[in-house]
Structure formats: structure tokens, C-alpha cells
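Colleague: First, the structure itself, so that you have it in front of you.
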Amino acid sequence: MGRYINKGNIAFRDIVTHEYVDKSSLIPLINGTLNSENRYSCVTRCRRFGKSMAAKMLCAYYDKSCDSRELFSGLVAEKDKSFEAYLNKYYVISIDMTDFTTKYRNDKDIVKKIQDSVIKDIQGVFSQISVDDGDDLMDVLYRISDTTGERFIMIIDEWDAILREIGKDESVTTSYVDFLRRLFKGSGSDIVFAGAYLTGILPIKRYNTESALNNFNEYSMIDPAYLAPCYGFTEEEVGILAMRHNASIENLKQWYDGYKIGNEKSIYNPYSVMKALQRGVCKSYWSTTGAYDSVKTYIQMNFDGLKDDIIRMLSGEHVYVNTLKFQNDMRIVNSKNDVLTVLIHLGYLAYDGDTGKCFIPNKEVGEQFLNAVEDTSWTRLVEALTASQNLLDATLSCNEQAVAKGIDKAHDENTSILAYNDENSLACVLSIAYIWAKNDYVIHREYATGKGYADLVMIPRRNVTKPALVIELKYNHSSDTAINQIKQKNYPSKLVDYTGDILLVGINYDKETKEHTCRIEEYKK
């Protein structure tokens, strides 16, 4: 068993012998690309979304040095007509680039070290093949294919680790990209490789408008094509896991759902779901596996409209993003759209391809954003969070005057993103003003109720003892009118399964005085 070639199936065996969610549907999809013009695939997802597990699965399936049939017994892939055709039929070269970035982080010759290490390993398998002075990896692979007729499967996990972690050194970046081009875009590439499968966080780097490896089919967080359900957990998969562990699917959804990837409307963070099930509590797991310095760095960039969009998303809004100009390089960020796009690839924002908008997907990521904001030098938003916390406290203590003043302040401070005298904008003000409440409440905007819509209904999360809030906003009427509308339309009936206390909050905005008034009543069941 080699370090880079013929690694066997031990890694995947360790995965399937524990609680494994079947993602082998990927195998027939990759089989369909082999030995064709579509043989080169690059899958990019954020951290801990199943990329490495999939790479280990593919290694076990294709590697001809082992027998992996039993590992796939009962899995989806076994039922596909292509399963037998490619099972353990190839020499597989598998490289995890993070191994090299860890060992040779400050070595300008890292690319040569990669090639020398892999060549040495290959020589152990193909000892009859000569290696001449000056040969690079492609020379050796081509000589093997030419002599033996063998084709290889190449799997590179975290292909972009060198660019992300050592990318400041232009000579390293250039030599690495040239290395990849030599492998996969050379005249002998199609002779040597039956297929190549790269994983990473960022799609392949662009130069101007063209990818450095434009013969690769890319499957990203933004454009996953038919590979969307192969990474992350679907709603159905989480439902099965929740039932098996007697866990709350509602809790798991609030914390870890929210990624809309391609046609999959509901994708969960798999790492966090499994951690929550193993430990019996929902909290931030994925966000603690990597520093959020990148979030702090990006959201502080002084691009027009960026901070306003961050405020919108923290309040639950979706904002438009143009993802087409980003060069897939975390160090080349030239606009607000670039910032939002890189945060999508990193998993800190979700993306809806149907609307072209991005948003904060769930409570776990929302907490990370709030932590990042509090650690920034952006005093305006930090002050807004403090004001929001005070507003919630005032609402819960039924301090009507303080609530009215708090809404006034939120309105005044967000006129840059709001049409000041517009009813929809006033509803947006409420969402922004109550940003802090997202820590303790599930917030529904324009919540469908009895005979109409309340502007906000805030239902306490599990283990939160605060009352539910039903908030109605009126425009040029009165706060009493708002309270009466809540009662007349029987809004609280939608909270019939909620057994705690409920506060009714009526808010009115006066167009002439540009001030708000507030009434708060306890709902009598």
C-alpha cells in the first residue's frame, strides 16, 4: 500500500463501519464521465461538507489494489449498471494537498517536493519504468501509460490549499498552476487519465474571464449541477437521522439547514448535524473548526453598499449578488460582489440561484456573523446590535416609550437602505431593529395569521423562557389601531400550540412627525 498510489480502502472502511449516510450516488455520476471529454471534474464546497469523505469513497471504489465490493453492499451505487464495470479497475493516485502545505508551508520548492514524493511512490509499483533526470510527474505517468496501456484515476483533495495558504508567493502560485496544467491540459493528458477528480473550497482560479483549467467541469456552491445532493445532508437524510437518535428535526433545521444548493432546496451542514446527534445538543460546531478572521476581514472592506447588505442579511433579508466577476482567489477581492461571493464559497452565506440572492442560512452561521461583527472596528453595526438588545429588553419589560424611541433610532440610522416613507421599508426597519432577538427567537416576517398578516411573530426557541411576541406595524394610524388589528384578525390563534406567555405589540409610524408610538399588551388566553 502506497502513500499516494494504491492507498487501498481502509479510509473508506473506517467511514462505512460507523453511522454512514449513503452518498455513493456520486459514483455513477463520475463513472459517466470516465474516458470521455468530461473526464475532469472539480467539486468545491465549504469546510466539512463531505468532500474528503467522497474522495476516500472514490479511492476505495476505483483502486485495483484492493477488493471493495463488500463496502458498497446495499449502497445506491451497487444498484447502478456501471458499478461492475469500474469497480477496482484502476490505479488511483490520491493526494491531499493539505499534507504538503502543512509540511512545506515556507518552502518555495513545494511543487517539486510534491512531484518528487509522488514519483517515488509510483516507482514502488512500476519498478520496471525508468525515471530520467529532469522527468516530472507527467513524464513518468505518460511513460507508464505508453508502456503498459494503463490509465490512471487522479484524485486531489483540497486542490486549492496551496493557493489559499501560500498564495502570497506568486512564484509558488505560478508553479503550482503550471503543474496542474501540465497534468490535465497537456497533449498526453487524455492518454494518461481515465478521469480526474479535484475537491476544494474555491473553484479553479480565473485569469481574466477564463479558468486556469477550462477543460474541467466545475460543481460549486453556486453552480452544483446534478451533484447537488451528493454533498451535505438532505432534508430526508436528516429526518431519518433525527428519528434514529430521537432528536428534534425542528432544532436541527434551525441550526444547520438553510443552504439552497442547485435544485436542492434544503441542504444541512453534515458535520454539525452529526456532532449535534453525537453530543445530544444543538450548538455551533462547524463554525469552531476554522477561524472566522476571514469574515471579519471581508465585512470590514470599504465597498459601497456592503455594510448595508450585511445589516439586511443579519435582519433576515436576502440581497442580490453578482457572482460572475470573482476570480476565485481570496486575495483578489475588488468589490462588494466579490466579498459576498467568497463568503458563499466559504459557507458563511447561502445562495439562491433562482433569485441571484444570498443570505445567512441558519442560526449557527448567524452566530458566527454576530461574533465577527462584534470583533470588528465597524462601530455603527456594533452600536446597532447593542441598541437591538436594549430594544428587546424594553419590549419584554413593556416599556412602550423606550420601544418607540428604539424604533425611531433604527429608522433614522438605516435610511440609506430604506425608502423613508414606505410601508414595506417600515417592516424592514422592524426586522433590523430586532436583529438581536434572533439569538432567542425564531422570527417570522409577514407571518400568515387568522385573517391577515402580522409584521413580525417571534416564537421563543426551545429552552428560552421569554414570551412570544406578535408585532403589528401601522402607517399613519395609531398604535391602538395596530393592537386592535391583532385582536380582530385573531393573530395569536396561529400560536395555539405555544403554551407560554404572549405579548401583543402595536407600533405606528406618523408620516408628519416621523415618529413612532407603541402599545404593548399581554395576551389573555
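To be explicit about the labels: the chains of the C-alpha cells are called A, B, and onward in the order shown, and within each one the residues are counted from 1, while ligands get numbers from 1 in the order they are shown.
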Would you kindly return, as a ChimeraX atom specification, each protein, DNA or RNA residue with an atom no farther than 9 Å from any atom of stretch 243-257 of chain A, considering only C-alpha atoms and excluding same-chain residues fewer than 6 positions away?
Modeller: /A:233-235,266-270,272-273,276-278,280,282-284,361-365,442,461-462
Colleague: As an exercise, work out the distance from atom CA of A:Tyr498 to atom CA of A:Glu521 in Å and give it to one decimal place.
Modeller: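 Separation of atom CA of A:Tyr498 and atom CA of A:Glu521: 17.4 Å.
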Colleague: Using only C-alpha atoms, find each residue in stretch 19-92 of chain A having at least one atom no more than 12 Å away from stretch 118-142 of chain A; report its shortest atom-to-atom pair and that distance in Å (one decimal), rows by chain then rising number, as a tab-separated table.
Modeller:
residue	atom	partner	partner_atom	distance
A:Ser65	CA	A:Val125	CA	10.4
A:Tyr91	CA	A:Val125	CA	9.8
A:Val92	CA	A:Ile122	CA	10.4
Colleague: Just the selected residues (N, CA, C and O atoms), exported as a PDB file, in the first residue's frame, please.
Modeller:
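The resulting file, out.pdb, is reproduced below:
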ATOM      1  N   SER A  65      -5.927  -2.227  -6.362  1.00  0.00           N
ATOM      2  CA  SER A  65      -5.073  -2.981  -5.442  1.00  0.00           C
ATOM      3  C   SER A  65      -5.864  -3.618  -4.306  1.00  0.00           C
ATOM      4  O   SER A  65      -5.292  -4.298  -3.458  1.00  0.00           O
ATOM      5  N   TYR A  91      -5.525   2.063 -11.380  1.00  0.00           N
ATOM      6  CA  TYR A  91      -4.530   2.604 -10.458  1.00  0.00           C
ATOM      7  C   TYR A  91      -4.997   4.010 -10.072  1.00  0.00           C
ATOM      8  O   TYR A  91      -5.284   4.833 -10.951  1.00  0.00           O
ATOM      9  N   VAL A  92      -5.074   4.242  -8.785  1.00  0.00           N
ATOM     10  CA  VAL A  92      -5.569   5.532  -8.292  1.00  0.00           C
ATOM     11  C   VAL A  92      -4.430   6.275  -7.612  1.00  0.00           C
ATOM     12  O   VAL A  92      -3.769   5.745  -6.709  1.00  0.00           O
TER      13      VAL A  92
END
Colleague: Residues near A:Phe193, anyone? I mean within 12 Å using only C-alpha atoms, not counting same-chain ones fewer than 4 positions away, as number ranges by chain.
Modeller: A: 33-40, 90-93, 138, 141-142, 144-146, 149-155, 183-189, 197
Colleague: Take the residues from that selection and write them out as a PDB file, in the first residue's frame, keeping C-alpha atoms.
Modeller:
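Just written: selection15.pdb:
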ATOM      1  CA  THR A  33     -17.555  10.960 -17.269  1.00  0.00           C
ATOM      2  CA  LEU A  34     -14.650   8.499 -17.457  1.00  0.00           C
ATOM      3  CA  ASN A  35     -12.652   8.177 -20.679  1.00  0.00           C
ATOM      4  CA  SER A  36     -14.657  10.996 -22.252  1.00  0.00           C
ATOM      5  CA  GLU A  37     -14.166  14.690 -22.848  1.00  0.00           C
ATOM      6  CA  ASN A  38     -15.895  15.246 -19.497  1.00  0.00           C
ATOM      7  CA  ARG A  39     -13.375  13.180 -17.526  1.00  0.00           C
ATOM      8  CA  TYR A  40     -12.095  16.146 -15.471  1.00  0.00           C
ATOM      9  CA  TYR A  90      -7.771   1.482 -11.973  1.00  0.00           C
ATOM     10  CA  TYR A  91      -4.530   2.604 -10.458  1.00  0.00           C
ATOM     11  CA  VAL A  92      -5.569   5.532  -8.292  1.00  0.00           C
ATOM     12  CA  ILE A  93      -3.245   8.389  -7.399  1.00  0.00           C
ATOM     13  CA  MET A 138       3.678  13.806 -16.130  1.00  0.00           C
ATOM     14  CA  LEU A 141       2.885   8.794 -15.934  1.00  0.00           C
ATOM     15  CA  TYR A 142       2.972   9.101 -19.698  1.00  0.00           C
ATOM     16  CA  ILE A 144       3.822   4.140 -17.802  1.00  0.00           C
ATOM     17  CA  SER A 145       0.692   4.545 -19.928  1.00  0.00           C
ATOM     18  CA  ASP A 146       2.669   4.264 -23.152  1.00  0.00           C
ATOM     19  CA  GLY A 149      -1.552   0.724 -21.577  1.00  0.00           C
ATOM     20  CA  GLU A 150      -2.755   1.602 -18.091  1.00  0.00           C
ATOM     21  CA  ARG A 151      -4.800   4.719 -17.397  1.00  0.00           C
ATOM     22  CA  PHE A 152      -4.972   6.405 -14.025  1.00  0.00           C
ATOM     23  CA  ILE A 153      -7.618   7.982 -11.842  1.00  0.00           C
ATOM     24  CA  MET A 154      -6.196  11.102 -10.198  1.00  0.00           C
ATOM     25  CA  ILE A 155      -7.863  12.397  -7.021  1.00  0.00           C
ATOM     26  CA  LEU A 183      -1.054  17.156 -15.774  1.00  0.00           C
ATOM     27  CA  PHE A 184      -4.504  17.879 -17.093  1.00  0.00           C
ATOM     28  CA  LYS A 185      -4.167  20.114 -20.163  1.00  0.00           C
ATOM     29  CA  GLY A 186      -1.137  18.578 -21.864  1.00  0.00           C
ATOM     30  CA  SER A 187      -1.093  16.662 -25.114  1.00  0.00           C
ATOM     31  CA  GLY A 188      -0.854  13.362 -23.224  1.00  0.00           C
ATOM     32  CA  SER A 189      -3.426  14.054 -20.504  1.00  0.00           C
ATOM     33  CA  TYR A 197     -11.447  14.437  -9.522  1.00  0.00           C
TER      34      TYR A 197
END
Colleague: Extract the full set of alpha helix (DSSP H) residues from stretch 199-371 of chain A according to DSSP on the backbone, and format it as a count of residues only.
Modeller: 64
Colleague: Just the residues within 7 Å of stretch 103-111 of chain A, please, counting only C-alpha atoms, with nothing from its chain fewer than 4 positions along; format it as a PyMOL selection string.
Modeller: chain A and resi 99+115+166+172+175-176
Colleague: Could you name the residues that touch A:Val177 at 12 Å or less, counting only C-alpha atoms, but leaving out those on the same chain fewer than 5 positions away, as a list in words?
Modeller: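 Once the adjacent positions are removed, what remains is Val111, Trp159, Asp160, Ile162, Leu163, Gly167, Glu170, Ser171, Val172, Arg182, Leu183, Phe184, Lys185, Ile204, Lys205, Arg206, Tyr207, Ser211, Ala212 and Leu213 of chain A.
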Colleague: Check stretch 357-489 of chain A with DSSP on the backbone and list each residue it calls strand (DSSP E), as a PyMOL selection string.
Modeller: chain A and resi 357-359+441-449+452-460+468-475
Colleague: Kindly save the residues from that selection, with C-alpha atoms included, as an mmCIF file, in the first residue's frame.
Modeller:
data_model
loop_
_atom_site.group_PDB
_atom_site.id
_atom_site.type_symbol
_atom_site.label_atom_id
_atom_site.label_comp_id
_atom_site.auth_asym_id
_atom_site.auth_seq_id
_atom_site.Cartn_x
_atom_site.Cartn_y
_atom_site.Cartn_z
ATOM 1 C CA LYS A 357 -29.589 36.465 -3.916
ATOM 2 C CA CYS A 358 -27.516 35.457 -0.896
ATOM 3 C CA PHE A 359 -28.442 35.244 2.779
ATOM 4 C CA TYR A 441 -36.360 33.668 18.914
ATOM 5 C CA VAL A 442 -37.413 32.139 15.634
ATOM 6 C CA ILE A 443 -38.562 35.231 13.739
ATOM 7 C CA HIS A 444 -41.245 35.115 11.077
ATOM 8 C CA ARG A 445 -41.734 38.207 8.950
ATOM 9 C CA GLU A 446 -45.206 38.789 7.470
ATOM 10 C CA TYR A 447 -46.334 35.684 9.299
ATOM 11 C CA ALA A 448 -49.597 34.298 7.884
ATOM 12 C CA THR A 449 -52.257 34.571 10.580
ATOM 13 C CA GLY A 452 -54.180 38.643 7.513
ATOM 14 C CA TYR A 453 -50.503 39.124 8.258
ATOM 15 C CA ALA A 454 -48.680 40.261 11.359
ATOM 16 C CA ASP A 455 -45.492 42.105 10.516
ATOM 17 C CA LEU A 456 -43.377 40.024 12.899
ATOM 18 C CA VAL A 457 -44.128 36.986 15.006
ATOM 19 C CA MET A 458 -41.280 35.930 17.279
ATOM 20 C CA ILE A 459 -41.504 32.490 18.852
ATOM 21 C CA PRO A 460 -39.001 31.593 21.604
ATOM 22 C CA ALA A 468 -43.680 35.144 22.314
ATOM 23 C CA LEU A 469 -44.167 38.478 20.541
ATOM 24 C CA VAL A 470 -46.758 39.398 17.916
ATOM 25 C CA ILE A 471 -45.834 42.761 16.394
ATOM 26 C CA GLU A 472 -48.102 44.767 14.096
ATOM 27 C CA LEU A 473 -46.896 47.907 12.349
ATOM 28 C CA LYS A 474 -49.310 50.591 11.145
ATOM 29 C CA TYR A 475 -48.644 53.550 8.895
#
Colleague: For A:Thr17, please output as a PyMOL selection string all residues within 10 Å (counting only C-alpha atoms; exclusion window: fewer than 4 positions along the same chain).
Modeller: chain A and resi 12-13+71
Colleague: With only C-alpha atoms as the counted atoms, please give the residues lying no more than 10 Å from A:Cys230, apart from itself and same-chain residues fewer than 4 positions off, as a list in words.
Modeller: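 Answer for this query is Asp22, Lys23, Ser24, Ser25, Leu26, Ile27, Leu29, Phe49, Gly50, Lys51, Ala54, Pro224, Tyr226 and Thr234 of chain A.
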Colleague: With N, CA, C and O atoms retained, export the selected residues as a PDB file, in the first residue's frame.
Modeller:
ATOM      1  N   ASP A  22     -25.444   7.384   3.124  1.00  0.00           N
ATOM      2  CA  ASP A  22     -25.058   6.891   1.796  1.00  0.00           C
ATOM      3  C   ASP A  22     -24.973   8.024   0.780  1.00  0.00           C
ATOM      4  O   ASP A  22     -25.979   8.614   0.385  1.00  0.00           O
ATOM      5  N   LYS A  23     -23.761   8.341   0.358  1.00  0.00           N
ATOM      6  CA  LYS A  23     -23.532   9.336  -0.688  1.00  0.00           C
ATOM      7  C   LYS A  23     -22.907   8.695  -1.925  1.00  0.00           C
ATOM      8  O   LYS A  23     -22.295   9.381  -2.751  1.00  0.00           O
ATOM      9  N   SER A  24     -23.094   7.380  -2.057  1.00  0.00           N
ATOM     10  CA  SER A  24     -22.480   6.675  -3.186  1.00  0.00           C
ATOM     11  C   SER A  24     -23.165   6.966  -4.516  1.00  0.00           C
ATOM     12  O   SER A  24     -22.704   6.496  -5.563  1.00  0.00           O
ATOM     13  N   SER A  25     -24.257   7.736  -4.501  1.00  0.00           N
ATOM     14  CA  SER A  25     -24.880   8.143  -5.769  1.00  0.00           C
ATOM     15  C   SER A  25     -23.915   8.961  -6.621  1.00  0.00           C
ATOM     16  O   SER A  25     -24.119   9.123  -7.833  1.00  0.00           O
ATOM     17  N   LEU A  26     -22.846   9.447  -5.996  1.00  0.00           N
ATOM     18  CA  LEU A  26     -21.823  10.176  -6.741  1.00  0.00           C
ATOM     19  C   LEU A  26     -21.096   9.264  -7.730  1.00  0.00           C
ATOM     20  O   LEU A  26     -20.685   9.703  -8.813  1.00  0.00           O
ATOM     21  N   ILE A  27     -20.924   8.008  -7.372  1.00  0.00           N
ATOM     22  CA  ILE A  27     -20.098   7.100  -8.174  1.00  0.00           C
ATOM     23  C   ILE A  27     -20.621   6.929  -9.595  1.00  0.00           C
ATOM     24  O   ILE A  27     -19.854   7.082 -10.564  1.00  0.00           O
ATOM     25  N   LEU A  29     -22.338   8.948 -11.303  1.00  0.00           N
ATOM     26  CA  LEU A  29     -22.192  10.230 -11.999  1.00  0.00           C
ATOM     27  C   LEU A  29     -20.753  10.416 -12.492  1.00  0.00           C
ATOM     28  O   LEU A  29     -20.522  10.873 -13.611  1.00  0.00           O
ATOM     29  N   PHE A  49     -18.075  19.672   4.507  1.00  0.00           N
ATOM     30  CA  PHE A  49     -19.312  19.383   3.789  1.00  0.00           C
ATOM     31  C   PHE A  49     -19.252  18.049   3.045  1.00  0.00           C
ATOM     32  O   PHE A  49     -20.049  17.798   2.151  1.00  0.00           O
ATOM     33  N   GLY A  50     -18.308  17.188   3.395  1.00  0.00           N
ATOM     34  CA  GLY A  50     -18.284  15.836   2.842  1.00  0.00           C
ATOM     35  C   GLY A  50     -17.371  15.636   1.655  1.00  0.00           C
ATOM     36  O   GLY A  50     -17.407  14.567   1.027  1.00  0.00           O
ATOM     37  N   LYS A  51     -16.534  16.631   1.324  1.00  0.00           N
ATOM     38  CA  LYS A  51     -15.655  16.489   0.152  1.00  0.00           C
ATOM     39  C   LYS A  51     -14.634  15.376   0.348  1.00  0.00           C
ATOM     40  O   LYS A  51     -14.426  14.544  -0.544  1.00  0.00           O
ATOM     41  N   ALA A  54     -16.056  11.871   0.310  1.00  0.00           N
ATOM     42  CA  ALA A  54     -16.346  11.436  -1.061  1.00  0.00           C
ATOM     43  C   ALA A  54     -15.071  11.016  -1.782  1.00  0.00           C
ATOM     44  O   ALA A  54     -15.065  10.035  -2.537  1.00  0.00           O
ATOM     45  N   PRO A 224     -23.866  23.798  -8.717  1.00  0.00           N
ATOM     46  CA  PRO A 224     -23.515  22.403  -8.428  1.00  0.00           C
ATOM     47  C   PRO A 224     -23.970  21.403  -9.477  1.00  0.00           C
ATOM     48  O   PRO A 224     -23.575  20.238  -9.426  1.00  0.00           O
ATOM     49  N   TYR A 226     -25.858  18.535 -11.306  1.00  0.00           N
ATOM     50  CA  TYR A 226     -26.538  17.352 -10.792  1.00  0.00           C
ATOM     51  C   TYR A 226     -25.828  16.711  -9.599  1.00  0.00           C
ATOM     52  O   TYR A 226     -26.278  15.688  -9.082  1.00  0.00           O
ATOM     53  N   THR A 234     -29.449  16.020   2.969  1.00  0.00           N
ATOM     54  CA  THR A 234     -30.758  16.476   2.523  1.00  0.00           C
ATOM     55  C   THR A 234     -31.746  16.425   3.682  1.00  0.00           C
ATOM     56  O   THR A 234     -31.485  15.819   4.728  1.00  0.00           O
TER      57      THR A 234
END
